[in-house]
>>> print(open('query28.cif').read())   # mmCIF, C-alpha atoms
data_protein
#
loop_
_atom_site.label_atom_id
_atom_site.label_comp_id
_atom_site.auth_asym_id
_atom_site.auth_seq_id
_atom_site.Cartn_x
_atom_site.Cartn_y
_atom_site.Cartn_z
CA MET A 11 8.62 6.77 -3.37
CA ILE A 12 5.11 6.31 -4.77
CA PHE A 13 3.54 3.10 -3.45
CA TYR A 14 0.73 1.52 -5.40
CA TYR A 15 -1.41 -1.57 -5.71
CA SER A 16 -2.98 -2.24 -9.08
CA ALA A 17 -4.91 -5.33 -10.07
CA THR A 18 -6.09 -3.86 -13.40
CA GLU A 19 -3.19 -1.46 -14.08
CA LYS A 20 -5.38 1.67 -13.66
CA SER A 21 -3.78 2.60 -10.33
CA LYS A 22 -0.37 1.90 -11.87
CA LEU A 23 -0.99 4.55 -14.54
CA TYR A 24 -1.88 7.14 -11.90
CA ALA A 25 1.16 6.17 -9.81
CA GLU A 26 3.48 6.57 -12.81
CA ILE A 27 2.07 10.00 -13.61
CA LEU A 28 2.33 11.09 -9.98
CA ALA A 29 5.91 9.80 -9.88
CA LYS A 30 6.73 11.88 -12.94
CA ILE A 31 5.23 15.01 -11.34
CA LEU A 32 7.11 14.48 -8.05
CA ASP A 33 10.27 13.04 -9.64
CA ARG A 34 10.05 9.90 -7.52
CA LYS A 35 10.22 6.17 -8.15
CA THR A 36 7.26 3.83 -7.95
CA TYR A 37 6.97 0.69 -5.83
CA LYS A 38 4.37 -1.91 -6.79
CA LEU A 39 2.80 -3.64 -3.83
CA GLU A 40 2.05 -7.31 -4.47
CA SER A 41 -0.55 -9.48 -2.77
CA ALA A 42 -1.83 -13.03 -2.76
CA LEU A 43 -4.63 -11.85 -5.08
CA ASP A 44 -2.13 -11.11 -7.85
CA GLY A 45 -2.32 -13.62 -10.67
CA VAL A 46 -5.89 -14.59 -9.83
CA THR A 47 -8.08 -13.67 -12.78
CA GLY A 48 -11.62 -13.63 -14.06
CA LYS A 49 -14.53 -14.70 -11.89
CA THR A 50 -12.25 -16.09 -9.20
CA PHE A 51 -10.54 -12.71 -8.76
CA PHE A 52 -13.88 -10.91 -8.73
CA ILE A 53 -15.37 -13.27 -6.14
CA LYS A 54 -12.28 -13.23 -3.87
CA GLY A 55 -11.79 -9.48 -4.21
CA VAL A 56 -15.43 -8.62 -3.61
CA TRP A 57 -15.63 -11.00 -0.66
CA LYS A 58 -12.55 -9.47 0.96
CA ALA A 59 -13.90 -5.95 0.37
CA VAL A 60 -17.41 -6.73 1.67
CA THR A 61 -16.09 -8.42 4.81
CA ASN A 62 -13.58 -5.60 5.45
CA ALA A 63 -10.78 -8.16 5.32
CA GLU A 64 -7.19 -7.26 4.63
CA VAL A 65 -4.98 -9.09 2.15
CA PRO A 66 -1.30 -9.28 3.11
CA ILE A 67 1.27 -7.48 1.02
CA LEU A 68 3.92 -10.01 0.03
CA ASN A 69 6.66 -7.46 -0.63
CA MET A 70 6.35 -4.88 2.14
CA PRO A 71 8.90 -2.15 1.40
CA PRO A 72 11.87 -1.75 3.74
CA ALA A 73 11.69 0.92 6.45
CA ASP A 74 14.15 3.19 4.60
CA SER A 75 11.54 3.56 1.82
CA PHE A 76 9.62 5.83 4.21
CA SER A 77 12.29 8.49 4.75
CA ASP A 78 10.09 11.30 3.40
CA ASP A 79 7.51 12.90 5.70
CA ASN A 80 4.93 12.76 2.89
CA VAL A 81 3.89 9.30 1.75
CA TYR A 82 2.05 8.95 -1.56
CA LEU A 83 -0.13 5.96 -2.26
CA CYS A 84 -2.27 4.99 -5.26
CA SER A 85 -5.07 2.52 -4.66
CA PRO A 86 -8.09 1.08 -6.37
CA ILE A 87 -11.44 1.41 -4.65
CA TRP A 88 -13.23 -1.89 -4.06
CA GLY A 89 -16.71 -1.87 -2.60
CA GLY A 90 -16.49 1.84 -1.88
CA LYS A 91 -13.28 1.55 0.19
CA PRO A 92 -9.53 1.18 -0.39
CA ALA A 93 -8.64 -2.27 -1.73
CA PRO A 94 -7.93 -4.91 0.95
CA PRO A 95 -4.16 -5.08 0.14
CA ILE A 96 -3.92 -1.31 0.69
CA LYS A 97 -5.63 -1.67 4.06
CA TYR A 98 -2.99 -4.21 5.06
CA PHE A 99 -0.20 -1.92 3.82
CA LEU A 100 -1.53 1.04 5.78
CA ARG A 101 -1.87 -0.97 8.98
CA ASN A 102 1.64 -2.45 8.71
CA ALA A 103 3.84 0.27 7.15
CA PRO A 104 5.93 2.56 9.41
CA LEU A 105 3.71 5.62 9.01
CA ALA A 106 4.05 7.27 12.43
CA ASN A 107 4.67 11.00 11.99
CA LYS A 108 4.04 10.68 8.24
CA THR A 109 1.37 12.41 6.17
CA VAL A 110 -0.35 9.94 3.85
CA ASN A 111 -1.66 11.36 0.58
CA MET A 112 -3.77 9.09 -1.61
CA ILE A 113 -4.98 8.90 -5.15
CA CYS A 114 -7.80 6.39 -5.33
CA VAL A 115 -9.03 5.10 -8.66
CA SER A 116 -12.64 4.04 -8.90
CA GLY A 117 -15.22 3.19 -11.52
CA SER A 118 -17.29 6.01 -10.02
CA GLY A 119 -16.55 9.18 -8.13
CA PHE A 120 -18.97 8.91 -5.22
CA SER A 121 -18.14 11.28 -2.39
CA SER A 122 -18.55 8.37 0.04
CA HIS A 123 -15.37 6.81 -1.43
CA LYS A 124 -13.34 9.79 -0.25
CA GLU A 125 -15.06 9.80 3.14
CA ASN A 126 -14.50 6.05 3.58
CA THR A 127 -10.82 6.38 2.65
CA GLU A 128 -10.27 9.28 5.03
CA LYS A 129 -12.08 7.40 7.84
CA PHE A 130 -9.88 4.37 7.29
CA LEU A 131 -6.72 6.52 7.30
CA GLN A 132 -7.82 7.91 10.67
CA THR A 133 -7.64 4.37 12.09
CA VAL A 134 -3.96 3.92 11.26
CA ASN A 135 -0.93 5.62 12.76
CA CYS A 136 -0.52 8.51 10.31
CA THR A 137 -1.66 12.03 9.52
CA VAL A 138 -4.36 12.18 6.85
CA GLY A 139 -3.15 14.21 3.90
CA ASN A 140 -4.77 14.96 0.57
CA VAL A 141 -7.13 12.19 -0.55
CA GLN A 142 -8.64 12.37 -4.02
CA ILE A 143 -10.89 9.96 -5.89
CA PHE A 144 -10.43 9.70 -9.63
CA ALA A 145 -13.37 8.21 -11.49
CA ALA A 146 -11.64 6.27 -14.23
CA ASN A 147 -13.17 3.91 -16.71
CA TYR A 148 -11.16 1.48 -18.79
CA ALA A 149 -10.89 3.98 -21.67
CA THR A 150 -9.26 6.69 -19.53
CA THR A 151 -5.63 6.51 -20.59
CA ASP A 152 -4.99 10.05 -21.80
CA THR A 153 -1.94 10.78 -19.66
CA GLU A 154 -2.01 14.52 -20.32
CA ILE A 155 -5.55 14.85 -18.97
CA ILE A 156 -4.77 12.61 -15.99
CA GLU A 157 -1.63 14.62 -15.22
CA GLU A 158 -3.57 17.89 -15.42
CA HIS A 159 -6.20 16.55 -13.01
CA ILE A 160 -3.59 15.23 -10.57
CA ARG A 161 -1.77 18.57 -10.55
CA GLU A 162 -5.01 20.47 -10.01
CA LEU A 163 -6.41 18.26 -7.26
CA MET A 164 -3.29 17.12 -5.41
CA PHE A 165 -1.14 20.28 -5.40
#
>>> encode(input="query28.cif", output="structure tokens")
Amino acid sequence: MIFYYSATEKSKLYAEILAKILDRKTYKLESALDGVTGKTFFIKGVWKAVTNAEVPILNMPPADSFSDDNVYLCSPIWGGKPAPPIKYFLRNAPLANKTVNMICVSGSGFSSHKENTEKFLQTVNCTVGNVQIFAANYATTDTEIIEEHIRELMF
């Protein structure tokens, strides 16, 4: 299973491509921020990110969704860190003895994004796997290029 949270659909695209590569299904994580748009979304999302708050996942997957030892997660980066709903997911999912691999989608590819994500993963009950940051702007939808980059960086 490929778990993902995507407010703008960029992370969804990466999750779908990763799912194709690994021949797995995707599972969209939903939060209370879903459906909030425009300035309200920006203000709420930024505030949650800046204050290091978590946003509950409304559809936490059942425990049997975590049968594989390798968990794959696609997340947006907000404020230089994984999005608040992803933080909630990581703190509440049954990840003991699991290796968590992450594709993070950001408007920029600062190395601090990777460091921040790895540091956060170290605070939850899992083994830190491969974490990669993909700098993606809104025009980046060429699935062949994205797939090539995922294959090169993740495997």
>>> residues_around(input="query28.cif", residues="segment 153-164 of chain A", least_positions_apart="3", cutoff="8 Å", atoms="all atoms listed in the file", output="MDAnalysis selection string")
chainID A and resid 24 27:28 31 140:142
>>> write_last_selection(input="query28.cif", atoms="C-alpha atoms", output="PDB file, in the coordinates of the input")
ATOM      1  CA  TYR A  24      -1.880   7.140 -11.900  1.00  0.00           C
ATOM      2  CA  ILE A  27       2.070  10.000 -13.610  1.00  0.00           C
ATOM      3  CA  LEU A  28       2.330  11.090  -9.980  1.00  0.00           C
ATOM      4  CA  ILE A  31       5.230  15.010 -11.340  1.00  0.00           C
ATOM      5  CA  ASN A 140      -4.770  14.960   0.570  1.00  0.00           C
ATOM      6  CA  VAL A 141      -7.130  12.190  -0.550  1.00  0.00           C
ATOM      7  CA  GLN A 142      -8.640  12.370  -4.020  1.00  0.00           C
TER       8      GLN A 142
END
>>> resolve_selection(input="query28.cif", expression="the PyMOL selection byres ((chain A and resi 110-121) around 6)", output="ChimeraX atom specification")
/A:81-87,109,122-124,138-147
>>> atom_distance(input="query28.cif", atom1="atom CA of Ser77 of chain A", atom2="atom CA of Leu131 of chain A")
19.3 Å
>>> closest_residue(input="query28.cif", among="A:Phe76, A:Tyr37, A:Phe165, A:Trp88", to="Ala59 of chain A", atoms="only C-alpha atoms")
A:Trp88
>>> atom_distance(input="query28.cif", atom1="atom CA of Gly55 of chain A", atom2="atom CA of Glu40 of chain A")
14.0 Å
>>> atom_distance(input="query28.cif", atom1="atom CA of Ser16 of chain A", atom2="atom CA of Thr36 of chain A")
12.0 Å
>>> resolve_selection(input="query28.cif", expression="the PyMOL selection byres ((chain A and resi 38) around 12)", output="MDAnalysis selection string")
chainID A and resid 11:17 19 21:23 25:26 35:37 39:41 44 67:71 83:85 95:96 99
>>> closest_residue(input="query28.cif", among="A:Pro104, A:Pro72, A:Gly89, A:Pro94", to="Val60 of chain A", atoms="all atoms listed in the file")
A:Gly89
>>> resolve_selection(input="query28.cif", expression="the PyMOL selection byres ((chain A and resi 62) around 10)", output="ChimeraX atom specification")
/A:56-61,63-65,89,91-94,97
>>> closest_residue(input="query28.cif", among="A:Leu105, A:Val134, A:Ile53, A:Ala29", to="Asn80 of chain A", atoms="only C-alpha atoms")
A:Leu105
>>> closest_residue(input="query28.cif", among="A:Lys20, A:Lys30, A:Lys54, A:Arg101", to="Asn135 of chain A", atoms="all atoms listed in the file")
A:Arg101
>>> closest_residue(input="query28.cif", among="A:Ser75, A:Asn107, A:Asn102, A:Thr18", to="Cys136 of chain A", atoms="only C-alpha atoms")
A:Asn107
